[in-house]
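Asker: Below you'll find work-v5.cif; it's mmCIF, C-alpha atoms.
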```
data_work
loop_
_atom_site.group_PDB
_atom_site.id
_atom_site.type_symbol
_atom_site.label_atom_id
_atom_site.label_comp_id
_atom_site.auth_asym_id
_atom_site.auth_seq_id
_atom_site.Cartn_x
_atom_site.Cartn_y
_atom_site.Cartn_z
ATOM 1 C CA MET P 1 -23.737 14.035 19.433
ATOM 2 C CA ARG P 2 -24.497 16.664 22.075
ATOM 3 C CA THR P 3 -27.007 15.554 24.724
ATOM 4 C CA PRO P 4 -30.211 17.613 24.398
ATOM 5 C CA ARG P 5 -30.641 19.974 27.357
ATOM 6 C CA THR P 6 -34.102 21.378 26.635
ATOM 7 C CA ILE P 7 -36.783 18.892 25.614
ATOM 8 C CA ALA P 8 -40.448 19.347 24.767
ATOM 9 C CA VAL P 9 -43.022 16.552 24.903
ATOM 10 C CA VAL P 10 -46.224 16.822 22.865
ATOM 11 C CA ALA P 11 -48.439 13.916 23.880
ATOM 12 C CA HIS P 12 -51.836 12.502 22.956
ATOM 13 C CA GLN P 13 -53.518 11.891 26.322
ATOM 14 C CA ARG P 14 -55.510 8.863 25.126
ATOM 15 C CA LYS P 15 -52.582 6.891 23.701
ATOM 16 C CA THR P 16 -50.631 4.339 25.715
ATOM 17 C CA LEU P 17 -47.211 2.721 25.553
ATOM 18 C CA GLY P 18 -45.267 0.883 28.236
ATOM 19 C CA GLY P 19 -45.800 2.490 31.628
ATOM 20 C CA GLY P 20 -47.487 5.509 30.047
ATOM 21 C CA LEU P 21 -46.662 9.197 30.239
ATOM 22 C CA ASP P 22 -45.490 8.950 33.851
ATOM 23 C CA GLU P 23 -42.806 6.478 32.793
ATOM 24 C CA LEU P 24 -41.861 8.687 29.851
ATOM 25 C CA ARG P 25 -41.316 11.622 32.205
ATOM 26 C CA ARG P 26 -39.173 9.462 34.490
ATOM 27 C CA LEU P 27 -37.042 8.183 31.607
ATOM 28 C CA LEU P 28 -36.474 11.672 30.207
ATOM 29 C CA THR P 29 -35.652 13.367 33.503
ATOM 30 C CA GLY P 30 -33.290 10.532 34.340
ATOM 31 C CA ARG P 31 -31.079 11.672 31.484
ATOM 32 C CA GLY P 32 -29.934 14.811 33.251
ATOM 33 C CA ILE P 33 -31.768 17.305 31.084
ATOM 34 C CA GLU P 34 -32.026 20.935 32.196
ATOM 35 C CA LYS P 35 -35.556 21.846 31.073
ATOM 36 C CA LEU P 36 -38.642 19.812 30.178
ATOM 37 C CA LEU P 37 -41.633 21.422 28.488
ATOM 38 C CA TRP P 38 -44.746 19.248 28.719
ATOM 39 C CA TYR P 39 -47.860 19.539 26.535
ATOM 40 C CA GLU P 40 -50.772 17.101 26.504
ATOM 41 C CA VAL P 41 -53.628 17.222 23.990
ATOM 42 C CA PRO P 42 -56.959 15.304 23.870
ATOM 43 C CA LYS P 43 -56.763 14.767 20.080
ATOM 44 C CA SER P 44 -54.132 15.039 17.377
ATOM 45 C CA ARG P 45 -55.701 18.092 15.730
ATOM 46 C CA LYS P 46 -54.877 20.043 18.899
ATOM 47 C CA ALA P 47 -51.162 19.243 18.588
ATOM 48 C CA PRO P 48 -50.000 21.909 16.062
ATOM 49 C CA LYS P 49 -50.444 24.811 18.502
ATOM 50 C CA LYS P 50 -48.292 23.040 21.110
ATOM 51 C CA VAL P 51 -45.668 22.103 18.525
ATOM 52 C CA ARG P 52 -45.348 25.752 17.516
ATOM 53 C CA LYS P 53 -44.861 26.707 21.175
ATOM 54 C CA ALA P 54 -42.079 24.139 21.475
ATOM 55 C CA VAL P 55 -40.319 25.403 18.355
ATOM 56 C CA GLN P 56 -40.570 29.014 19.534
ATOM 57 C CA ALA P 57 -39.002 27.965 22.835
ATOM 58 C CA GLY P 58 -35.943 26.734 20.943
ATOM 59 C CA VAL P 59 -35.954 23.141 22.200
ATOM 60 C CA ASP P 60 -33.071 20.790 21.424
ATOM 61 C CA LEU P 61 -35.415 17.824 20.978
ATOM 62 C CA LEU P 62 -39.150 17.425 20.383
ATOM 63 C CA VAL P 63 -40.696 14.185 21.643
ATOM 64 C CA VAL P 64 -44.038 13.269 20.065
ATOM 65 C CA TRP P 65 -46.199 10.651 21.826
ATOM 66 C CA GLY P 66 -49.013 9.086 19.840
ATOM 67 C CA GLY P 67 -49.892 7.437 16.569
ATOM 68 C CA ASP P 68 -49.416 8.394 12.951
ATOM 69 C CA GLY P 69 -51.985 11.187 13.219
ATOM 70 C CA MET P 70 -49.995 12.910 15.965
ATOM 71 C CA VAL P 71 -46.746 12.397 14.085
ATOM 72 C CA GLN P 72 -48.211 13.712 10.830
ATOM 73 C CA ARG P 73 -49.579 16.889 12.401
ATOM 74 C CA THR P 74 -46.294 17.458 14.241
ATOM 75 C CA LEU P 75 -44.124 17.029 11.160
ATOM 76 C CA ASP P 76 -46.486 19.192 9.102
ATOM 77 C CA VAL P 77 -45.890 22.110 11.488
ATOM 78 C CA LEU P 78 -42.122 21.594 11.556
ATOM 79 C CA ALA P 79 -41.809 21.348 7.774
ATOM 80 C CA GLN P 80 -43.473 24.725 7.361
ATOM 81 C CA ASP P 81 -41.087 26.506 9.726
ATOM 82 C CA LYS P 82 -37.406 27.204 9.017
ATOM 83 C CA LYS P 83 -36.512 26.668 12.662
ATOM 84 C CA GLY P 84 -38.796 23.659 12.894
ATOM 85 C CA ARG P 85 -37.084 21.884 10.004
ATOM 86 C CA LYS P 86 -33.916 21.809 12.116
ATOM 87 C CA THR P 87 -35.604 20.555 15.300
ATOM 88 C CA PRO P 88 -34.977 16.817 15.845
ATOM 89 C CA VAL P 89 -38.099 14.733 16.491
ATOM 90 C CA ALA P 90 -38.219 11.585 18.611
ATOM 91 C CA ILE P 91 -41.251 9.369 18.027
ATOM 92 C CA MET P 92 -42.810 7.430 20.900
ATOM 93 C CA PRO P 93 -45.047 4.991 18.932
ATOM 94 C CA ALA P 94 -48.121 4.901 21.161
ATOM 95 C CA GLY P 95 -50.756 4.652 18.400
ATOM 96 C CA THR P 96 -52.640 1.915 16.573
ATOM 97 C CA GLY P 97 -50.640 1.561 13.379
ATOM 98 C CA ASN P 98 -47.373 3.401 14.108
ATOM 99 C CA LEU P 99 -46.553 3.143 10.421
ATOM 100 C CA LEU P 100 -43.789 5.724 10.226
ATOM 101 C CA ALA P 101 -42.102 4.412 13.376
ATOM 102 C CA GLY P 102 -42.288 0.855 12.062
ATOM 103 C CA ASN P 103 -40.791 1.810 8.711
ATOM 104 C CA LEU P 104 -37.956 3.622 10.490
ATOM 105 C CA GLY P 105 -37.225 0.725 12.848
ATOM 106 C CA ILE P 106 -38.441 2.476 16.022
ATOM 107 C CA PRO P 107 -39.828 -0.247 18.327
ATOM 108 C CA THR P 108 -43.002 -0.151 20.418
ATOM 109 C CA ASP P 109 -40.839 -0.419 23.514
ATOM 110 C CA LEU P 110 -40.763 2.791 25.523
ATOM 111 C CA GLU P 111 -37.281 2.410 26.994
ATOM 112 C CA LYS P 112 -35.785 1.563 23.605
ATOM 113 C CA ALA P 113 -37.635 4.434 21.908
ATOM 114 C CA VAL P 114 -36.268 6.866 24.496
ATOM 115 C CA GLU P 115 -32.771 5.436 24.028
ATOM 116 C CA ILE P 116 -33.046 6.136 20.277
ATOM 117 C CA ALA P 117 -34.123 9.702 21.087
ATOM 118 C CA PHE P 118 -30.844 10.330 22.908
ATOM 119 C CA THR P 119 -28.320 8.099 21.144
ATOM 120 C CA GLY P 120 -29.835 7.342 17.718
ATOM 121 C CA GLU P 121 -29.020 8.902 14.385
ATOM 122 C CA ARG P 122 -30.773 12.145 13.448
ATOM 123 C CA ARG P 123 -31.811 11.569 9.859
ATOM 124 C CA SER P 124 -33.261 14.063 7.406
ATOM 125 C CA LEU P 125 -36.474 12.672 5.903
ATOM 126 C CA ASP P 126 -38.483 13.624 2.846
ATOM 127 C CA LEU P 127 -42.174 14.341 3.247
ATOM 128 C CA GLY P 128 -45.016 14.433 0.786
ATOM 129 C CA ARG P 129 -47.187 17.540 0.516
ATOM 130 C CA LEU P 130 -50.766 17.318 -0.663
ATOM 131 C CA ASP P 131 -52.484 20.672 -1.290
ATOM 132 C CA GLY P 132 -50.355 22.342 1.379
ATOM 133 C CA GLU P 133 -50.446 19.633 4.084
ATOM 134 C CA HIS P 134 -47.441 17.378 4.686
ATOM 135 C CA PHE P 135 -47.526 13.619 5.168
ATOM 136 C CA ALA P 136 -44.783 11.176 6.147
ATOM 137 C CA VAL P 137 -46.248 7.768 5.269
ATOM 138 C CA MET P 138 -48.840 7.994 2.508
ATOM 139 C CA ALA P 139 -51.859 9.654 1.015
ATOM 140 C CA GLY P 140 -54.717 7.566 -0.331
ATOM 141 C CA VAL P 141 -58.021 8.078 -2.079
ATOM 142 C CA GLY P 142 -60.817 5.661 -2.951
ATOM 143 C CA PHE P 143 -60.881 2.298 -1.165
ATOM 144 C CA ASP P 144 -58.094 3.401 1.178
ATOM 145 C CA GLY P 145 -59.659 6.756 2.060
ATOM 146 C CA ALA P 146 -63.096 5.234 2.717
ATOM 147 C CA MET P 147 -61.569 2.488 4.849
ATOM 148 C CA ILE P 148 -59.644 4.988 6.999
ATOM 149 C CA LYS P 149 -62.718 7.197 7.440
ATOM 150 C CA ASP P 150 -64.836 4.303 8.729
ATOM 151 C CA ALA P 151 -62.032 2.935 10.943
ATOM 152 C CA ASP P 152 -61.346 6.265 12.606
ATOM 153 C CA GLY P 153 -62.334 7.097 16.181
ATOM 154 C CA ALA P 154 -64.130 4.715 18.526
ATOM 155 C CA LEU P 155 -63.889 1.632 16.294
ATOM 156 C CA LYS P 156 -60.110 2.004 16.039
ATOM 157 C CA ASP P 157 -59.880 2.458 19.807
ATOM 158 C CA ARG P 158 -61.819 -0.789 20.380
ATOM 159 C CA LEU P 159 -60.360 -3.036 17.689
ATOM 160 C CA GLY P 160 -56.930 -1.565 16.969
ATOM 161 C CA LYS P 161 -55.462 -2.892 13.710
ATOM 162 C CA LEU P 162 -58.467 -5.184 13.252
ATOM 163 C CA SER P 163 -60.575 -2.074 12.610
ATOM 164 C CA TYR P 164 -58.818 -1.661 9.244
ATOM 165 C CA VAL P 165 -59.590 -5.272 8.301
ATOM 166 C CA TRP P 166 -63.230 -4.937 9.355
ATOM 167 C CA THR P 167 -63.868 -1.712 7.470
ATOM 168 C CA GLY P 168 -61.775 -2.831 4.526
ATOM 169 C CA LEU P 169 -64.071 -5.813 3.978
ATOM 170 C CA ARG P 170 -67.037 -3.413 3.786
ATOM 171 C CA HIS P 171 -65.461 -1.455 0.936
ATOM 172 C CA VAL P 172 -64.019 -4.113 -1.378
ATOM 173 C CA ASN P 173 -67.077 -3.857 -3.648
ATOM 174 C CA GLY P 174 -67.176 -0.063 -3.558
ATOM 175 C CA ASP P 175 -67.138 2.470 -6.368
ATOM 176 C CA THR P 176 -64.326 2.523 -8.918
ATOM 177 C CA PRO P 177 -64.533 5.984 -10.497
ATOM 178 C CA ARG P 178 -62.380 7.000 -13.419
ATOM 179 C CA ALA P 179 -59.083 8.589 -12.410
ATOM 180 C CA LYS P 180 -56.706 10.635 -14.522
ATOM 181 C CA ILE P 181 -53.157 10.808 -13.188
ATOM 182 C CA ARG P 182 -50.260 12.891 -14.444
ATOM 183 C CA ILE P 183 -46.718 12.056 -13.342
ATOM 184 C CA ASP P 184 -44.267 14.989 -13.429
ATOM 185 C CA GLY P 185 -46.370 16.620 -16.130
ATOM 186 C CA THR P 186 -46.869 13.483 -18.267
ATOM 187 C CA ASP P 187 -50.132 11.524 -18.653
ATOM 188 C CA TRP P 188 -49.696 8.165 -16.941
ATOM 189 C CA PHE P 189 -53.104 6.667 -16.064
ATOM 190 C CA ASP P 190 -56.652 7.194 -17.354
ATOM 191 C CA ASP P 191 -59.058 4.438 -16.319
ATOM 192 C CA GLU P 192 -61.279 3.181 -13.500
ATOM 193 C CA ALA P 193 -59.409 2.928 -10.185
ATOM 194 C CA SER P 194 -60.553 1.538 -6.847
ATOM 195 C CA CYS P 195 -57.621 3.096 -5.008
ATOM 196 C CA VAL P 196 -54.834 5.595 -5.618
ATOM 197 C CA LEU P 197 -51.946 5.527 -3.142
ATOM 198 C CA ILE P 198 -49.002 7.904 -2.883
ATOM 199 C CA GLY P 199 -46.316 6.586 -0.570
ATOM 200 C CA ASN P 200 -43.222 7.938 1.112
ATOM 201 C CA VAL P 201 -42.385 4.576 2.746
ATOM 202 C CA GLY P 202 -42.932 0.963 1.776
ATOM 203 C CA THR P 203 -45.106 -0.672 4.440
ATOM 204 C CA ILE P 204 -48.718 0.431 4.966
ATOM 205 C CA HIS P 205 -51.743 -0.946 6.889
ATOM 206 C CA ALA P 206 -51.466 -4.344 8.594
ATOM 207 C CA GLY P 207 -47.865 -4.828 7.447
ATOM 208 C CA ILE P 208 -48.669 -4.785 3.723
ATOM 209 C CA GLU P 209 -45.634 -3.896 1.596
ATOM 210 C CA ALA P 210 -47.258 -1.611 -0.969
ATOM 211 C CA PHE P 211 -44.114 0.009 -2.365
ATOM 212 C CA ASP P 212 -41.178 -2.381 -2.411
ATOM 213 C CA ASP P 213 -38.533 0.206 -3.315
ATOM 214 C CA ALA P 214 -39.842 3.243 -1.412
ATOM 215 C CA SER P 215 -37.537 5.221 0.873
ATOM 216 C CA PRO P 216 -38.164 8.460 2.795
ATOM 217 C CA THR P 217 -34.654 9.622 1.895
ATOM 218 C CA ASP P 218 -34.566 9.147 -1.887
ATOM 219 C CA GLY P 219 -36.211 12.416 -2.994
ATOM 220 C CA TRP P 220 -39.162 10.633 -4.639
ATOM 221 C CA LEU P 221 -42.763 9.661 -3.888
ATOM 222 C CA ASP P 222 -44.021 6.254 -4.994
ATOM 223 C CA VAL P 223 -47.398 6.037 -6.729
ATOM 224 C CA GLY P 224 -49.705 3.036 -6.931
ATOM 225 C CA VAL P 225 -53.076 2.500 -8.583
ATOM 226 C CA ALA P 226 -55.272 -0.502 -7.808
ATOM 227 C CA THR P 227 -57.897 -1.547 -10.368
ATOM 228 C CA ALA P 228 -59.367 -4.465 -8.391
ATOM 229 C CA HIS P 229 -63.190 -4.261 -8.465
ATOM 230 C CA ASN P 230 -64.399 -7.007 -6.114
ATOM 231 C CA ALA P 231 -63.455 -9.185 -3.143
ATOM 232 C CA LEU P 232 -61.856 -11.906 -5.292
ATOM 233 C CA GLN P 233 -59.644 -9.458 -7.167
ATOM 234 C CA TRP P 234 -58.675 -7.728 -3.920
ATOM 235 C CA ALA P 235 -57.829 -11.100 -2.361
ATOM 236 C CA ARG P 236 -55.545 -11.876 -5.327
ATOM 237 C CA THR P 237 -53.960 -8.440 -5.074
ATOM 238 C CA LEU P 238 -53.282 -8.622 -1.328
ATOM 239 C CA GLY P 239 -52.088 -12.211 -1.675
ATOM 240 C CA THR P 240 -49.544 -11.131 -4.276
ATOM 241 C CA MET P 241 -48.368 -8.301 -2.014
ATOM 242 C CA ALA P 242 -47.893 -10.789 0.817
ATOM 243 C CA VAL P 243 -45.541 -13.123 -1.073
ATOM 244 C CA THR P 244 -43.879 -11.052 -3.800
ATOM 245 C CA ARG P 245 -43.666 -7.540 -5.210
ATOM 246 C CA SER P 246 -46.920 -5.572 -5.297
ATOM 247 C CA ASP P 247 -46.406 -4.582 -8.929
ATOM 248 C CA ASN P 248 -46.519 -8.263 -9.907
ATOM 249 C CA SER P 249 -50.290 -8.124 -9.432
ATOM 250 C CA PRO P 250 -52.333 -7.651 -12.639
ATOM 251 C CA PHE P 251 -54.513 -5.219 -10.672
ATOM 252 C CA VAL P 252 -51.690 -2.886 -9.593
ATOM 253 C CA ARG P 253 -49.620 -0.275 -11.414
ATOM 254 C CA THR P 254 -46.758 1.551 -9.706
ATOM 255 C CA THR P 255 -44.222 4.229 -10.546
ATOM 256 C CA ARG P 256 -42.442 7.111 -8.814
ATOM 257 C CA ALA P 257 -42.560 10.851 -9.218
ATOM 258 C CA ARG P 258 -41.788 14.202 -7.689
ATOM 259 C CA ARG P 259 -45.226 15.608 -8.524
ATOM 260 C CA ILE P 260 -48.527 13.772 -8.978
ATOM 261 C CA ASP P 261 -51.725 15.397 -10.280
ATOM 262 C CA VAL P 262 -54.922 13.383 -9.753
ATOM 263 C CA THR P 263 -58.372 14.135 -11.194
ATOM 264 C CA LEU P 264 -61.288 11.912 -10.187
ATOM 265 C CA GLU P 265 -64.612 11.424 -11.961
ATOM 266 C CA SER P 266 -66.454 12.021 -8.667
ATOM 267 C CA LYS P 267 -65.586 13.295 -5.185
ATOM 268 C CA MET P 268 -64.082 10.732 -2.804
ATOM 269 C CA GLU P 269 -62.614 10.718 0.709
ATOM 270 C CA TYR P 270 -58.854 10.838 0.996
ATOM 271 C CA GLU P 271 -56.521 10.180 3.901
ATOM 272 C CA LEU P 272 -53.125 11.373 5.080
ATOM 273 C CA ASP P 273 -51.116 9.020 7.316
ATOM 274 C CA GLY P 274 -54.237 7.299 8.585
ATOM 275 C CA GLY P 275 -56.312 10.438 9.177
ATOM 276 C CA ASP P 276 -59.390 11.004 7.052
ATOM 277 C CA ARG P 277 -59.890 14.265 5.189
ATOM 278 C CA ALA P 278 -62.792 15.835 3.260
ATOM 279 C CA LYS P 279 -63.938 14.539 -0.123
ATOM 280 C CA THR P 280 -62.184 15.877 -3.187
ATOM 281 C CA ARG P 281 -62.152 15.556 -6.975
ATOM 282 C CA LYS P 282 -58.701 16.980 -7.677
ATOM 283 C CA PHE P 283 -55.458 17.112 -5.776
ATOM 284 C CA THR P 284 -51.736 17.548 -6.317
ATOM 285 C CA ALA P 285 -49.029 15.838 -4.282
ATOM 286 C CA GLU P 286 -45.312 16.606 -4.422
ATOM 287 C CA VAL P 287 -42.187 15.549 -2.588
ATOM 288 C CA VAL P 288 -40.451 17.900 -0.137
ATOM 289 C CA PRO P 289 -36.851 16.635 0.156
ATOM 290 C CA GLU P 290 -35.164 16.638 3.578
ATOM 291 C CA ALA P 291 -38.147 18.381 5.148
ATOM 292 C CA VAL P 292 -37.633 17.259 8.783
ATOM 293 C CA ARG P 293 -35.115 15.565 11.099
ATOM 294 C CA VAL P 294 -36.163 12.393 12.944
ATOM 295 C CA CYS P 295 -34.307 10.256 15.491
ATOM 296 C CA VAL P 296 -33.810 6.727 14.140
ATOM 297 C CA PRO P 297 -31.811 3.679 15.288
ATOM 298 C CA LYS P 298 -28.135 3.721 14.397
ATOM 299 C CA PRO P 299 -27.225 1.299 11.588
ATOM 300 C CA ARG P 300 -25.910 -2.010 12.843
ATOM 301 C CA GLU P 301 -22.173 -2.489 12.644
ATOM 302 C CA PRO P 302 -21.184 -5.132 10.054
ATOM 303 C CA ARG P 303 -19.955 -8.353 11.609
#
```
Could you render the structure from this file as structure tokens?

Answerer:
Amino acid sequence: MRTPRTIAVVAHQRKTLGGGLDELRRLLTGRGIEKLLWYEVPKSRKAPKKVRKAVQAGVDLLVVWGGDGMVQRTLDVLAQDKKGRKTPVAIMPAGTGNLLAGNLGIPTDLEKAVEIAFTGERRSLDLGRLDGEHFAVMAGVGFDGAMIKDADGALKDRLGKLSYVWTGLRHVNGDTPRAKIRIDGTDWFDDEASCVLIGNVGTIHAGIEAFDDASPTDGWLDVGVATAHNALQWARTLGTMAVTRSDNSPFVRTTRARRIDVTLESKMEYELDGGDRAKTRKFTAEVVPEAVRVCVPKPREPR
């Protein structure tokens, strides 16, 4: 693989990993690169403009520093641009959850993450697209969307992963509106639902394996509906997920699809890759095969 000569870094200023952005700069420039473009943003929603600049500059490698929100907004821009879809992305997992990085085997070790950027495999990944916006990990509405909304911002900065546990406990007895779900044009679910999840990878918040067979390279999205109504039912559901397959729970239904149409009885918050979005009653999600290229660890050689 040719060593990248022109590299762009798009970094969230408030996120930390290892020795920070100064160490990242040292590690990158120590690789003998010819040109380094450097963009820092105060919040993830400011990242798309910088990502577009990097793509227009024709970089050989785009390094994104931050959490899942930064990664999601970066990949969303790249997936919508013909040139961007070919630009390899190296993730420096400096966020709270780092769900995509974790699912791809990218460690929260800065030196190792940089090593993967230069010597790892460049793999084409599927993305999901919900009403025009791409996501790499999951989209969720109901319990999940409300939990993400409350955990966002200052609370997440203070408590890290514990913020999801704290806010999750506040929503276990929340509303369970009726949801109608169509899978690739066929009616699949019509009942009360406390949470609807659409996943591109298997592991979600706090290490929970929500979709046991999910893969970001299989051309499918996995769909899960939780019907748990109270704390006891949620405890049974999460306990089942912890020790066996999630679809073994009586309060969970799962399947897979290329297109998912969801209609809710009332408006609810939804989230994309850990970032909260506005309330909605209807949405459509679909898979976008091989939408982006991401640097991942090389497979281990068989012994």

Asker: Can you list, as number ranges by chain, every protein, DNA or RNA residue that comes within 9 Å of Ala136 of chain P when you count all atoms listed in the file, leaving out same-chain residues fewer than 5 positions away?

Answerer: P: 68, 71-72, 75-76, 100, 125-129, 199-201, 216, 272-273

Asker: Could you turn the residues from that selection into a file that holds C-alpha atoms, as a compact mmCIF listing (two decimals), in the frame of the given file?

Answerer:
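Result file out-v5.txt:
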```txt
# COMPACT_ATOMS: atom_id res chain seq x y z
CA ASP P 68 -49.42 8.39 12.95
CA VAL P 71 -46.75 12.40 14.08
CA GLN P 72 -48.21 13.71 10.83
CA LEU P 75 -44.12 17.03 11.16
CA ASP P 76 -46.49 19.19 9.10
CA LEU P 100 -43.79 5.72 10.23
CA LEU P 125 -36.47 12.67 5.90
CA ASP P 126 -38.48 13.62 2.85
CA LEU P 127 -42.17 14.34 3.25
CA GLY P 128 -45.02 14.43 0.79
CA ARG P 129 -47.19 17.54 0.52
CA GLY P 199 -46.32 6.59 -0.57
CA ASN P 200 -43.22 7.94 1.11
CA VAL P 201 -42.38 4.58 2.75
CA PRO P 216 -38.16 8.46 2.80
CA LEU P 272 -53.12 11.37 5.08
CA ASP P 273 -51.12 9.02 7.32
```

Asker: If you measure from atom CA of Ile183 of chain P to atom CA of Leu221 of chain P, what distance in Å do you get, rounded to one decimal?

Answerer: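 Calculated distance between atom CA of Ile183 of chain P and atom CA of Leu221 of chain P is 10.5 Å.
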
Asker: Go through the shown structure with the PyMOL selection byres ((chain P and resi 80-84) around 12) and write out the matching residues as a ChimeraX atom specification.

Answerer: /P:48,51-62,73-79,85-89,127,129,132-134,288,291-294

Asker: Residues of the last selection are to be written out with C-alpha atoms, as a PDB file, in the frame of the given file.

Answerer:
```pdb
ATOM      1  CA  PRO P  48     -50.000  21.909  16.062  1.00  0.00           C
ATOM      2  CA  VAL P  51     -45.668  22.103  18.525  1.00  0.00           C
ATOM      3  CA  ARG P  52     -45.348  25.752  17.516  1.00  0.00           C
ATOM      4  CA  LYS P  53     -44.861  26.707  21.175  1.00  0.00           C
ATOM      5  CA  ALA P  54     -42.079  24.139  21.475  1.00  0.00           C
ATOM      6  CA  VAL P  55     -40.319  25.403  18.355  1.00  0.00           C
ATOM      7  CA  GLN P  56     -40.570  29.014  19.534  1.00  0.00           C
ATOM      8  CA  ALA P  57     -39.002  27.965  22.835  1.00  0.00           C
ATOM      9  CA  GLY P  58     -35.943  26.734  20.943  1.00  0.00           C
ATOM     10  CA  VAL P  59     -35.954  23.141  22.200  1.00  0.00           C
ATOM     11  CA  ASP P  60     -33.071  20.790  21.424  1.00  0.00           C
ATOM     12  CA  LEU P  61     -35.415  17.824  20.978  1.00  0.00           C
ATOM     13  CA  LEU P  62     -39.150  17.425  20.383  1.00  0.00           C
ATOM     14  CA  ARG P  73     -49.579  16.889  12.401  1.00  0.00           C
ATOM     15  CA  THR P  74     -46.294  17.458  14.241  1.00  0.00           C
ATOM     16  CA  LEU P  75     -44.124  17.029  11.160  1.00  0.00           C
ATOM     17  CA  ASP P  76     -46.486  19.192   9.102  1.00  0.00           C
ATOM     18  CA  VAL P  77     -45.890  22.110  11.488  1.00  0.00           C
ATOM     19  CA  LEU P  78     -42.122  21.594  11.556  1.00  0.00           C
ATOM     20  CA  ALA P  79     -41.809  21.348   7.774  1.00  0.00           C
ATOM     21  CA  ARG P  85     -37.084  21.884  10.004  1.00  0.00           C
ATOM     22  CA  LYS P  86     -33.916  21.809  12.116  1.00  0.00           C
ATOM     23  CA  THR P  87     -35.604  20.555  15.300  1.00  0.00           C
ATOM     24  CA  PRO P  88     -34.977  16.817  15.845  1.00  0.00           C
ATOM     25  CA  VAL P  89     -38.099  14.733  16.491  1.00  0.00           C
ATOM     26  CA  LEU P 127     -42.174  14.341   3.247  1.00  0.00           C
ATOM     27  CA  ARG P 129     -47.187  17.540   0.516  1.00  0.00           C
ATOM     28  CA  GLY P 132     -50.355  22.342   1.379  1.00  0.00           C
ATOM     29  CA  GLU P 133     -50.446  19.633   4.084  1.00  0.00           C
ATOM     30  CA  HIS P 134     -47.441  17.378   4.686  1.00  0.00           C
ATOM     31  CA  VAL P 288     -40.451  17.900  -0.137  1.00  0.00           C
ATOM     32  CA  ALA P 291     -38.147  18.381   5.148  1.00  0.00           C
ATOM     33  CA  VAL P 292     -37.633  17.259   8.783  1.00  0.00           C
ATOM     34  CA  ARG P 293     -35.115  15.565  11.099  1.00  0.00           C
ATOM     35  CA  VAL P 294     -36.163  12.393  12.944  1.00  0.00           C
TER      36      VAL P 294
END
```

Asker: One decimal, in Å: what's the spacing between atom CA of Ile204 of chain P and atom CA of Leu99 of chain P?

Answerer: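 These two atoms are separated by 6.5 Å.
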
Asker: Using only C-alpha atoms, which residue out of P:Glu286, P:Glu40, P:Glu34, P:Glu111 lies closest to Pro93 of chain P?

Answerer: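 Closest to Pro93 of chain P of all the choices is P:Glu111.
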
Asker: Take atom CA of Val137 of chain P and atom CA of Ala117 of chain P and report the distance between them in Å, one decimal.

Answerer: 20.0 Å

Asker: Could you tell me which residues the PyMOL selection byres ((chain P and resi 45) around 10) returns for this structure, as a list in words?

Answerer: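 What the PyMOL selection byres ((chain P and resi 45) around 10) grabs from the file is His12, Val41, Pro42, Lys43, Ser44, Lys46, Ala47, Pro48, Lys49, Gly69, Met70, Gln72, Arg73 and Thr74 of chain P.
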
Asker: Residues at most 7 Å from segment 195-198 of chain P, counting all atoms listed in the file, excluding those fewer than 3 positions away in the same chain, as a PyMOL selection string?

Answerer: chain P and resi 138-144+221-226

Asker: Let me know the residues the PyMOL selection byres ((chain P and resi 11) around 7) catches in the file above, as a list in words.

Answerer: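 Taken on the displayed file, the PyMOL selection byres ((chain P and resi 11) around 7) yields the residues Val9, Val10, His12, Gln13, Tyr39, Glu40, Val41, Val64, Trp65 and Gly66 of chain P.
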
Asker: Pick out the closest residue to Phe283 of chain P from this set: P:Glu271, P:Glu209, P:Glu192, P:Glu115. Count all atoms listed in the file.

Answerer: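 The shortest atom-to-atom distance to Phe283 of chain P comes from P:Glu271.
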
Asker: Would you kindly identify which residues have an atom no farther than 6 Å from (-55.1, 13.9, -10.8), using all atoms listed in the file and the file's own coordinates, and write them out as a PyMOL selection string?

Answerer: chain P and resi 180-181+261-263+282-283

Asker: Kindly indicate which residue among P:Gly67, P:Trp188, P:Ala179, P:Ala193 lies nearest to Gly274 of chain P, using only C-alpha atoms for the distances.

Answerer: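 Ranked by minimum distance to Gly274 of chain P, first place goes to P:Gly67.
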
Asker: Ranking P:Val296, P:Thr108, P:Ala257, P:Arg5 by minimum distance to Ala90 of chain P and counting all atoms listed in the file, which one comes first?

Answerer: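 That would be P:Val296, the residue with the smallest distance to Ala90 of chain P.
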